[in-house]
file upload09.txt (compact mmCIF, N, CA and C atoms)
# COMPACT_ATOMS: atom_id res chain seq x y z
N VAL J 1 0.84 -1.19 0.00
CA VAL J 1 0.00 0.00 0.00
C VAL J 1 0.88 1.24 0.00
N GLN J 2 0.64 2.11 -0.95
CA GLN J 2 1.37 3.39 -0.99
C GLN J 2 0.37 4.51 -0.82
N LEU J 3 0.72 5.47 0.02
CA LEU J 3 -0.15 6.60 0.30
C LEU J 3 0.55 7.89 -0.09
N GLN J 4 -0.18 8.75 -0.77
CA GLN J 4 0.38 10.03 -1.21
C GLN J 4 -0.49 11.15 -0.67
N ALA J 5 0.05 11.89 0.30
CA ALA J 5 -0.68 13.02 0.87
C ALA J 5 -0.36 14.29 0.10
N SER J 6 -1.36 15.14 -0.04
CA SER J 6 -1.17 16.40 -0.76
C SER J 6 -2.17 17.43 -0.25
N GLY J 7 -1.97 18.67 -0.66
CA GLY J 7 -2.92 19.72 -0.32
C GLY J 7 -2.45 20.71 0.72
N GLY J 8 -1.30 20.47 1.31
CA GLY J 8 -0.79 21.38 2.31
C GLY J 8 -0.41 22.73 1.72
N GLY J 9 -0.17 23.68 2.60
CA GLY J 9 0.22 25.01 2.14
C GLY J 9 0.18 26.00 3.26
N LEU J 10 0.27 27.26 2.88
CA LEU J 10 0.27 28.37 3.84
C LEU J 10 -1.11 29.03 3.83
N LYS J 11 -1.68 29.16 5.03
CA LYS J 11 -2.99 29.79 5.16
C LYS J 11 -2.97 30.74 6.34
N GLN J 12 -3.83 31.74 6.27
CA GLN J 12 -4.01 32.63 7.41
C GLN J 12 -4.97 32.00 8.40
N ALA J 13 -4.84 32.37 9.63
CA ALA J 13 -5.77 31.90 10.66
C ALA J 13 -7.20 32.21 10.25
N GLY J 14 -8.07 31.24 10.49
CA GLY J 14 -9.47 31.38 10.10
C GLY J 14 -9.77 30.82 8.74
N GLY J 15 -8.76 30.50 7.98
CA GLY J 15 -8.94 29.98 6.63
C GLY J 15 -9.24 28.49 6.62
N SER J 16 -9.38 27.96 5.40
CA SER J 16 -9.70 26.54 5.20
C SER J 16 -8.71 25.91 4.24
N LEU J 17 -8.60 24.61 4.37
CA LEU J 17 -7.69 23.85 3.51
C LEU J 17 -8.20 22.42 3.46
N ARG J 18 -8.04 21.78 2.31
CA ARG J 18 -8.43 20.37 2.22
C ARG J 18 -7.22 19.54 1.84
N LEU J 19 -6.92 18.56 2.66
CA LEU J 19 -5.84 17.61 2.37
C LEU J 19 -6.43 16.37 1.72
N SER J 20 -5.64 15.78 0.84
CA SER J 20 -6.03 14.54 0.17
C SER J 20 -4.98 13.47 0.44
N CYS J 21 -5.43 12.24 0.47
CA CYS J 21 -4.53 11.10 0.62
C CYS J 21 -4.95 10.06 -0.39
N ALA J 22 -4.16 9.92 -1.44
CA ALA J 22 -4.46 8.95 -2.49
C ALA J 22 -3.74 7.64 -2.19
N ALA J 23 -4.49 6.55 -2.27
CA ALA J 23 -3.94 5.23 -1.95
C ALA J 23 -3.82 4.38 -3.20
N SER J 24 -2.69 3.73 -3.34
CA SER J 24 -2.49 2.83 -4.48
C SER J 24 -2.66 1.40 -3.99
N VAL J 25 -3.91 1.01 -3.82
CA VAL J 25 -4.22 -0.34 -3.38
C VAL J 25 -5.57 -0.71 -3.94
N ARG J 26 -5.69 -1.94 -4.43
CA ARG J 26 -6.94 -2.36 -5.07
C ARG J 26 -8.08 -2.45 -4.06
N THR J 27 -7.72 -2.80 -2.82
CA THR J 27 -8.74 -3.04 -1.80
C THR J 27 -8.88 -1.87 -0.84
N PHE J 28 -8.74 -0.64 -1.36
CA PHE J 28 -8.81 0.55 -0.52
C PHE J 28 -10.06 0.57 0.34
N SER J 29 -11.15 0.10 -0.21
CA SER J 29 -12.43 0.17 0.50
C SER J 29 -12.46 -0.69 1.76
N THR J 30 -11.45 -1.53 1.97
CA THR J 30 -11.43 -2.36 3.18
C THR J 30 -10.51 -1.78 4.26
N TYR J 31 -9.89 -0.64 3.97
CA TYR J 31 -8.93 -0.05 4.89
C TYR J 31 -9.53 1.13 5.67
N ALA J 32 -9.27 1.17 6.97
CA ALA J 32 -9.53 2.38 7.72
C ALA J 32 -8.44 3.39 7.38
N MET J 33 -8.81 4.67 7.42
CA MET J 33 -7.87 5.74 7.11
C MET J 33 -7.79 6.71 8.28
N ALA J 34 -6.65 7.32 8.44
CA ALA J 34 -6.47 8.26 9.54
C ALA J 34 -5.51 9.37 9.15
N TRP J 35 -5.63 10.48 9.86
CA TRP J 35 -4.68 11.58 9.73
C TRP J 35 -4.02 11.82 11.07
N PHE J 36 -2.73 12.03 11.02
CA PHE J 36 -1.95 12.41 12.19
C PHE J 36 -1.17 13.66 11.82
N ARG J 37 -0.64 14.32 12.82
CA ARG J 37 0.19 15.50 12.53
C ARG J 37 1.33 15.59 13.53
N GLN J 38 2.37 16.25 13.09
CA GLN J 38 3.52 16.46 13.97
C GLN J 38 4.00 17.89 13.79
N ALA J 39 3.89 18.64 14.86
CA ALA J 39 4.36 20.02 14.87
C ALA J 39 5.84 20.03 15.22
N PRO J 40 6.56 21.09 14.85
CA PRO J 40 7.99 21.17 15.16
C PRO J 40 8.25 21.02 16.65
N GLY J 41 9.13 20.09 16.99
CA GLY J 41 9.50 19.90 18.38
C GLY J 41 8.50 19.16 19.23
N LYS J 42 7.45 18.64 18.59
CA LYS J 42 6.41 17.94 19.34
C LYS J 42 6.25 16.50 18.85
N GLU J 43 5.57 15.71 19.67
CA GLU J 43 5.28 14.34 19.30
C GLU J 43 4.19 14.30 18.23
N ARG J 44 4.18 13.25 17.46
CA ARG J 44 3.09 13.03 16.51
C ARG J 44 1.79 12.84 17.28
N GLU J 45 0.71 13.42 16.77
CA GLU J 45 -0.57 13.28 17.45
C GLU J 45 -1.68 12.92 16.47
N PHE J 46 -2.66 12.25 17.00
CA PHE J 46 -3.82 11.84 16.22
C PHE J 46 -4.68 13.05 15.89
N VAL J 47 -5.24 13.05 14.67
CA VAL J 47 -6.13 14.12 14.25
C VAL J 47 -7.54 13.57 13.99
N ALA J 48 -7.67 12.59 13.12
CA ALA J 48 -8.98 12.05 12.77
C ALA J 48 -8.83 10.68 12.12
N SER J 49 -9.88 9.89 12.20
CA SER J 49 -9.87 8.58 11.54
C SER J 49 -11.28 8.23 11.06
N ILE J 50 -11.33 7.35 10.08
CA ILE J 50 -12.61 6.93 9.50
C ILE J 50 -12.53 5.47 9.12
N SER J 51 -13.59 4.72 9.42
CA SER J 51 -13.62 3.30 9.05
C SER J 51 -13.87 3.15 7.56
N TRP J 52 -13.67 1.94 7.05
CA TRP J 52 -13.80 1.72 5.62
C TRP J 52 -15.19 2.04 5.11
N ASN J 53 -16.22 1.83 5.96
CA ASN J 53 -17.60 2.00 5.53
C ASN J 53 -18.21 3.31 6.02
N HIS J 54 -17.40 4.24 6.48
CA HIS J 54 -17.85 5.57 6.92
C HIS J 54 -18.62 5.54 8.24
N ARG J 55 -18.86 4.39 8.81
CA ARG J 55 -19.73 4.32 9.99
C ARG J 55 -19.07 4.89 11.23
N THR J 56 -17.77 4.79 11.27
CA THR J 56 -17.05 5.25 12.46
C THR J 56 -16.10 6.37 12.09
N THR J 57 -16.23 7.49 12.77
CA THR J 57 -15.25 8.57 12.65
C THR J 57 -14.84 8.99 14.05
N ASN J 58 -13.59 9.33 14.19
CA ASN J 58 -13.05 9.81 15.45
C ASN J 58 -12.26 11.08 15.20
N TYR J 59 -12.30 11.98 16.17
CA TYR J 59 -11.57 13.24 16.05
C TYR J 59 -10.85 13.55 17.36
N ALA J 60 -9.70 14.17 17.22
CA ALA J 60 -9.04 14.73 18.39
C ALA J 60 -9.87 15.88 18.91
N HIS J 61 -9.84 16.06 20.20
CA HIS J 61 -10.63 17.13 20.82
C HIS J 61 -10.27 18.48 20.24
N SER J 62 -9.01 18.66 19.91
CA SER J 62 -8.52 19.96 19.45
C SER J 62 -9.05 20.35 18.07
N VAL J 63 -9.55 19.38 17.30
CA VAL J 63 -10.01 19.69 15.94
C VAL J 63 -11.49 19.42 15.76
N LYS J 64 -12.13 18.83 16.74
CA LYS J 64 -13.55 18.49 16.62
C LYS J 64 -14.38 19.74 16.37
N GLY J 65 -15.24 19.65 15.36
CA GLY J 65 -16.05 20.79 14.99
C GLY J 65 -15.41 21.70 13.97
N ARG J 66 -14.12 21.54 13.73
CA ARG J 66 -13.41 22.34 12.73
C ARG J 66 -12.92 21.50 11.56
N PHE J 67 -12.56 20.26 11.81
CA PHE J 67 -12.03 19.38 10.77
C PHE J 67 -13.05 18.28 10.48
N THR J 68 -13.08 17.83 9.23
CA THR J 68 -13.96 16.73 8.83
C THR J 68 -13.17 15.74 7.99
N ILE J 69 -13.19 14.49 8.39
CA ILE J 69 -12.55 13.44 7.61
C ILE J 69 -13.60 12.77 6.74
N SER J 70 -13.22 12.44 5.54
CA SER J 70 -14.13 11.74 4.63
C SER J 70 -13.31 10.86 3.70
N ARG J 71 -14.00 10.08 2.89
CA ARG J 71 -13.31 9.22 1.95
C ARG J 71 -14.20 8.95 0.76
N ASP J 72 -13.56 8.69 -0.36
CA ASP J 72 -14.25 8.30 -1.58
C ASP J 72 -13.64 6.98 -2.01
N ASN J 73 -14.33 5.90 -1.72
CA ASN J 73 -13.76 4.58 -2.01
C ASN J 73 -13.64 4.32 -3.51
N ALA J 74 -14.47 4.97 -4.30
CA ALA J 74 -14.37 4.81 -5.75
C ALA J 74 -13.11 5.47 -6.29
N GLU J 75 -12.63 6.51 -5.59
CA GLU J 75 -11.44 7.24 -6.02
C GLU J 75 -10.19 6.85 -5.24
N ASN J 76 -10.33 5.90 -4.31
CA ASN J 76 -9.18 5.47 -3.48
C ASN J 76 -8.52 6.65 -2.77
N THR J 77 -9.36 7.56 -2.27
CA THR J 77 -8.82 8.77 -1.68
C THR J 77 -9.55 9.11 -0.37
N ALA J 78 -8.78 9.54 0.60
CA ALA J 78 -9.33 10.08 1.84
C ALA J 78 -9.03 11.57 1.90
N TYR J 79 -9.87 12.29 2.63
CA TYR J 79 -9.73 13.73 2.70
C TYR J 79 -9.77 14.20 4.15
N LEU J 80 -9.17 15.36 4.36
CA LEU J 80 -9.30 16.05 5.64
C LEU J 80 -9.63 17.51 5.32
N GLN J 81 -10.87 17.87 5.54
CA GLN J 81 -11.29 19.25 5.35
C GLN J 81 -11.04 20.01 6.64
N MET J 82 -10.22 21.03 6.55
CA MET J 82 -9.84 21.79 7.74
C MET J 82 -10.39 23.21 7.62
N SER J 83 -11.14 23.64 8.62
CA SER J 83 -11.72 24.96 8.63
C SER J 83 -11.35 25.68 9.92
N SER J 84 -11.57 26.98 9.95
CA SER J 84 -11.25 27.78 11.13
C SER J 84 -9.84 27.46 11.63
N LEU J 85 -8.91 27.47 10.70
CA LEU J 85 -7.54 27.10 11.03
C LEU J 85 -6.94 28.05 12.06
N LYS J 86 -6.10 27.46 12.90
CA LYS J 86 -5.40 28.21 13.94
C LYS J 86 -3.90 28.02 13.77
N PRO J 87 -3.10 28.95 14.28
CA PRO J 87 -1.64 28.75 14.20
C PRO J 87 -1.20 27.44 14.83
N ASP J 88 -1.93 26.97 15.85
CA ASP J 88 -1.58 25.70 16.50
C ASP J 88 -1.80 24.49 15.58
N ASP J 89 -2.48 24.69 14.46
CA ASP J 89 -2.66 23.60 13.50
C ASP J 89 -1.44 23.42 12.60
N THR J 90 -0.48 24.31 12.72
CA THR J 90 0.74 24.21 11.91
C THR J 90 1.47 22.91 12.23
N ALA J 91 1.69 22.10 11.21
CA ALA J 91 2.32 20.79 11.40
C ALA J 91 2.51 20.12 10.04
N VAL J 92 3.26 19.05 10.05
CA VAL J 92 3.27 18.14 8.92
C VAL J 92 2.16 17.12 9.16
N TYR J 93 1.28 16.99 8.19
CA TYR J 93 0.14 16.09 8.30
C TYR J 93 0.43 14.81 7.53
N TYR J 94 0.20 13.68 8.19
CA TYR J 94 0.44 12.37 7.61
C TYR J 94 -0.87 11.59 7.52
N CYS J 95 -1.07 10.89 6.42
CA CYS J 95 -2.19 9.97 6.36
C CYS J 95 -1.68 8.55 6.62
N ALA J 96 -2.55 7.73 7.15
CA ALA J 96 -2.20 6.36 7.49
C ALA J 96 -3.37 5.45 7.15
N ALA J 97 -3.07 4.17 6.92
CA ALA J 97 -4.09 3.21 6.55
C ALA J 97 -3.76 1.84 7.09
N ASP J 98 -4.81 1.07 7.31
CA ASP J 98 -4.65 -0.34 7.63
C ASP J 98 -6.04 -0.97 7.67
N SER J 99 -6.08 -2.28 7.66
CA SER J 99 -7.35 -2.99 7.77
C SER J 99 -7.48 -3.58 9.16
N PHE J 100 -8.69 -3.59 9.67
CA PHE J 100 -8.91 -4.00 11.05
C PHE J 100 -10.14 -4.90 11.16
N SER J 101 -10.18 -5.61 12.27
CA SER J 101 -11.34 -6.41 12.60
C SER J 101 -11.73 -6.09 14.04
N PRO J 102 -12.97 -5.72 14.33
CA PRO J 102 -14.09 -5.62 13.39
C PRO J 102 -13.90 -4.51 12.37
N SER J 103 -14.59 -4.63 11.27
CA SER J 103 -14.34 -3.74 10.15
C SER J 103 -14.83 -2.33 10.37
N ASP J 104 -15.60 -2.06 11.42
CA ASP J 104 -16.04 -0.71 11.71
C ASP J 104 -15.01 0.06 12.53
N SER J 105 -13.86 -0.53 12.77
CA SER J 105 -12.85 0.12 13.58
C SER J 105 -12.18 1.27 12.85
N ALA J 106 -11.83 2.28 13.62
CA ALA J 106 -11.06 3.42 13.10
C ALA J 106 -10.15 3.88 14.23
N PRO J 107 -9.09 3.13 14.48
CA PRO J 107 -8.25 3.41 15.66
C PRO J 107 -7.65 4.80 15.69
N MET J 108 -7.36 5.26 16.90
CA MET J 108 -6.75 6.56 17.09
C MET J 108 -5.28 6.47 17.45
N ALA J 109 -4.78 5.27 17.61
CA ALA J 109 -3.37 5.08 17.94
C ALA J 109 -2.54 4.92 16.68
N GLY J 110 -1.49 5.67 16.59
CA GLY J 110 -0.63 5.58 15.42
C GLY J 110 -0.01 4.22 15.25
N SER J 111 0.24 3.54 16.36
CA SER J 111 0.86 2.21 16.31
C SER J 111 -0.04 1.18 15.65
N ALA J 112 -1.33 1.50 15.50
CA ALA J 112 -2.26 0.55 14.89
C ALA J 112 -2.13 0.52 13.37
N TYR J 113 -1.54 1.54 12.80
CA TYR J 113 -1.49 1.67 11.34
C TYR J 113 -0.15 1.24 10.78
N GLY J 114 -0.21 0.42 9.75
CA GLY J 114 1.02 -0.10 9.17
C GLY J 114 1.49 0.63 7.93
N TYR J 115 0.63 1.47 7.38
CA TYR J 115 0.97 2.16 6.13
C TYR J 115 0.84 3.66 6.34
N TRP J 116 1.87 4.38 5.88
CA TRP J 116 1.93 5.82 6.10
C TRP J 116 2.33 6.54 4.82
N GLY J 117 1.76 7.72 4.64
CA GLY J 117 2.18 8.59 3.56
C GLY J 117 3.37 9.43 3.98
N GLN J 118 3.85 10.25 3.06
CA GLN J 118 5.09 10.99 3.29
C GLN J 118 4.88 12.30 4.02
N GLY J 119 3.66 12.76 4.17
CA GLY J 119 3.40 13.99 4.90
C GLY J 119 3.28 15.19 3.99
N THR J 120 2.44 16.12 4.41
CA THR J 120 2.28 17.39 3.70
C THR J 120 2.23 18.50 4.74
N LEU J 121 2.97 19.57 4.47
CA LEU J 121 3.13 20.64 5.47
C LEU J 121 1.98 21.64 5.39
N VAL J 122 1.41 21.90 6.55
CA VAL J 122 0.39 22.93 6.70
C VAL J 122 0.94 24.00 7.63
N THR J 123 0.95 25.23 7.15
CA THR J 123 1.42 26.35 7.96
C THR J 123 0.30 27.38 8.07
N VAL J 124 -0.05 27.71 9.31
CA VAL J 124 -1.12 28.68 9.55
C VAL J 124 -0.51 29.91 10.21
N SER J 125 -0.66 31.04 9.55
CA SER J 125 -0.10 32.28 10.09
C SER J 125 -1.16 33.04 10.87
N SER J 126 -0.72 33.77 11.85
CA SER J 126 -1.66 34.53 12.70
C SER J 126 -1.95 35.91 12.13
call {"tool": "encode", "arguments": {"input": "upload09.txt", "output": "C-alpha cells"}}
result
Amino acid sequence: VQLQASGGGLKQAGGSLRLSCAASVRTFSTYAMAWFRQAPGKEREFVASISWNHRTTNYAHSVKGRFTISRDNAENTAYLQMSSLKPDDTAVYYCAADSFSPSDSAPMAGSAYGYWGQGTLVTVSS
C-alpha cells in the first residue's frame, strides 16, 4: 500500500484547507484511514480517523467541529477538510491506513497503522 498526501500550504488563521490522501491499493475500501500530525519539536498526534464504511469517525478534541474526515472509495482517496484554522494547527500532516477487525474500527493510535504517507506541510499564520 502506498499513500500520497497532498494539499498542504500556507494559510491565514481562520482559513480553510483540504488535504487529500491517495492510496495505491486495489482493496482501498477495506482499509480504515487516519490523519496524524507532527508540529515542530512535538510528538506526533492523532487528528482524525474513519472506518472503511464511513460508519465510524473519530476526532481529536482539538479539531472536533473544525475538521472533517471523509473518503471516496471509488477514487481510493481520503480527505481532511480543515476549517477555522489556527496557528496551532501548523504541522506536517500524515495519512495512514490499515485494515482492522471488526471492520467498523477506526483506531486513534498511530501504532495501529502499518501504512503511512510521506506527509504534507500545513502552515497557519496569525
call {"tool": "select_by_dssp", "arguments": {"input": "upload09.txt", "residues": "stretch 68-121 of chain J", "states": "helix (DSSP H, G or I)", "output": "ChimeraX atom specification"}}
result
/J:87-89,110-112
call {"tool": "select_by_dssp", "arguments": {"input": "upload09.txt", "residues": "stretch 41-111 of chain J", "states": "strand (DSSP E)", "output": "ChimeraX atom specification"}}
result
/J:45-50,57-59,67-72,77-82,91-98
call {"tool": "residues_around", "arguments": {"input": "upload09.txt", "residues": "J:Ala23", "least_positions_apart": "4", "cutoff": "5 Å", "atoms": "all atoms listed in the file", "output": "count of residues only"}}
result
4
call {"tool": "residues_around", "arguments": {"input": "upload09.txt", "residues": "J:Cys95", "least_positions_apart": "2", "cutoff": "7 Å", "atoms": "only N, CA and C atoms", "output": "list in words"}}
result
Leu3, Ala5, Cys21, Met33, Ala34, Trp35, Phe36, Tyr93, Ala97, Tyr115, Trp116, Gly117, Gln118, Gly119 and Thr120 of chain J
call {"tool": "closest_residue", "arguments": {"input": "upload09.txt", "among": "J:Ser29, J:Ser51, J:Ser111, J:Asn58", "to": "J:Asn73", "atoms": "only N, CA and C atoms"}}
result
J:Ser29
call {"tool": "build_atoms", "arguments": {"input": "upload09.txt", "residues": "stretch 77-88 of chain J", "atoms": "all heavy atoms", "output": "CSV table (one decimal), in the coordinates of the input"}}
result
chain,number,residue,atom,x,y,z
J,77,THR,N,-9.4,7.6,-2.3
J,77,THR,CA,-8.8,8.8,-1.7
J,77,THR,C,-9.6,9.1,-0.4
J,77,THR,O,-10.8,9.0,-0.3
J,77,THR,CB,-9.0,10.0,-2.7
J,77,THR,OG1,-8.3,9.6,-3.9
J,77,THR,CG2,-8.3,11.2,-2.1
J,78,ALA,N,-8.8,9.5,0.6
J,78,ALA,CA,-9.3,10.1,1.8
J,78,ALA,C,-9.0,11.6,1.9
J,78,ALA,O,-8.1,12.0,1.3
J,78,ALA,CB,-8.7,9.4,3.0
J,79,TYR,N,-9.9,12.3,2.6
J,79,TYR,CA,-9.7,13.7,2.7
J,79,TYR,C,-9.8,14.2,4.2
J,79,TYR,O,-10.3,13.5,5.0
J,79,TYR,CB,-10.9,14.4,1.9
J,79,TYR,CG,-11.0,14.0,0.5
J,79,TYR,CD1,-11.9,13.0,0.1
J,79,TYR,CD2,-10.2,14.6,-0.5
J,79,TYR,CE1,-11.9,12.6,-1.2
J,79,TYR,CE2,-10.3,14.3,-1.8
J,79,TYR,CZ,-11.2,13.3,-2.2
J,79,TYR,OH,-11.2,12.9,-3.5
J,80,LEU,N,-9.2,15.4,4.4
J,80,LEU,CA,-9.3,16.0,5.6
J,80,LEU,C,-9.6,17.5,5.3
J,80,LEU,O,-8.8,18.2,4.8
J,80,LEU,CB,-8.0,16.0,6.5
J,80,LEU,CG,-8.1,16.6,7.9
J,80,LEU,CD1,-9.1,15.7,8.7
J,80,LEU,CD2,-6.8,16.7,8.5
J,81,GLN,N,-10.9,17.9,5.5
J,81,GLN,CA,-11.3,19.2,5.4
J,81,GLN,C,-11.0,20.0,6.6
J,81,GLN,O,-11.6,19.7,7.7
J,81,GLN,CB,-12.8,19.3,5.0
J,81,GLN,CG,-13.3,20.7,4.8
J,81,GLN,CD,-12.7,21.4,3.6
J,81,GLN,OE1,-12.6,20.9,2.5
J,81,GLN,NE2,-12.3,22.7,3.8
J,82,MET,N,-10.2,21.0,6.6
J,82,MET,CA,-9.8,21.8,7.7
J,82,MET,C,-10.4,23.2,7.6
J,82,MET,O,-10.1,23.9,6.6
J,82,MET,CB,-8.3,21.8,7.9
J,82,MET,CG,-7.7,20.4,7.9
J,82,MET,SD,-5.9,20.5,8.2
J,82,MET,CE,-5.3,21.3,6.7
J,83,SER,N,-11.1,23.6,8.6
J,83,SER,CA,-11.7,25.0,8.6
J,83,SER,C,-11.4,25.7,9.9
J,83,SER,O,-10.9,25.0,10.9
J,83,SER,CB,-13.2,24.9,8.5
J,83,SER,OG,-13.6,24.2,7.3
J,84,SER,N,-11.6,27.0,10.0
J,84,SER,CA,-11.2,27.8,11.1
J,84,SER,C,-9.8,27.5,11.6
J,84,SER,O,-9.6,27.2,12.8
J,84,SER,CB,-12.3,27.5,12.2
J,84,SER,OG,-13.6,27.8,11.8
J,85,LEU,N,-8.9,27.5,10.7
J,85,LEU,CA,-7.5,27.1,11.0
J,85,LEU,C,-6.9,28.0,12.1
J,85,LEU,O,-7.2,29.3,12.1
J,85,LEU,CB,-6.7,27.1,9.8
J,85,LEU,CG,-6.9,25.9,8.9
J,85,LEU,CD1,-6.3,26.1,7.5
J,85,LEU,CD2,-6.3,24.6,9.5
J,86,LYS,N,-6.1,27.5,12.9
J,86,LYS,CA,-5.4,28.2,13.9
J,86,LYS,C,-3.9,28.0,13.8
J,86,LYS,O,-3.5,27.0,13.2
J,86,LYS,CB,-5.8,27.7,15.3
J,86,LYS,CG,-7.3,27.7,15.6
J,86,LYS,CD,-7.6,27.1,17.0
J,86,LYS,CE,-9.1,27.0,17.3
J,86,LYS,NZ,-9.4,26.4,18.6
J,87,PRO,N,-3.1,29.0,14.3
J,87,PRO,CA,-1.6,28.8,14.2
J,87,PRO,C,-1.2,27.4,14.8
J,87,PRO,O,-0.2,26.8,14.4
J,87,PRO,CB,-1.1,30.0,15.0
J,87,PRO,CG,-2.1,31.0,14.7
J,87,PRO,CD,-3.5,30.3,14.7
J,88,ASP,N,-1.9,27.0,15.8
J,88,ASP,CA,-1.6,25.7,16.5
J,88,ASP,C,-1.8,24.5,15.6
J,88,ASP,O,-1.4,23.4,15.9
J,88,ASP,CB,-2.4,25.5,17.8
J,88,ASP,CG,-1.9,26.3,18.9
J,88,ASP,OD1,-0.8,26.9,18.8
J,88,ASP,OD2,-2.6,26.4,19.9
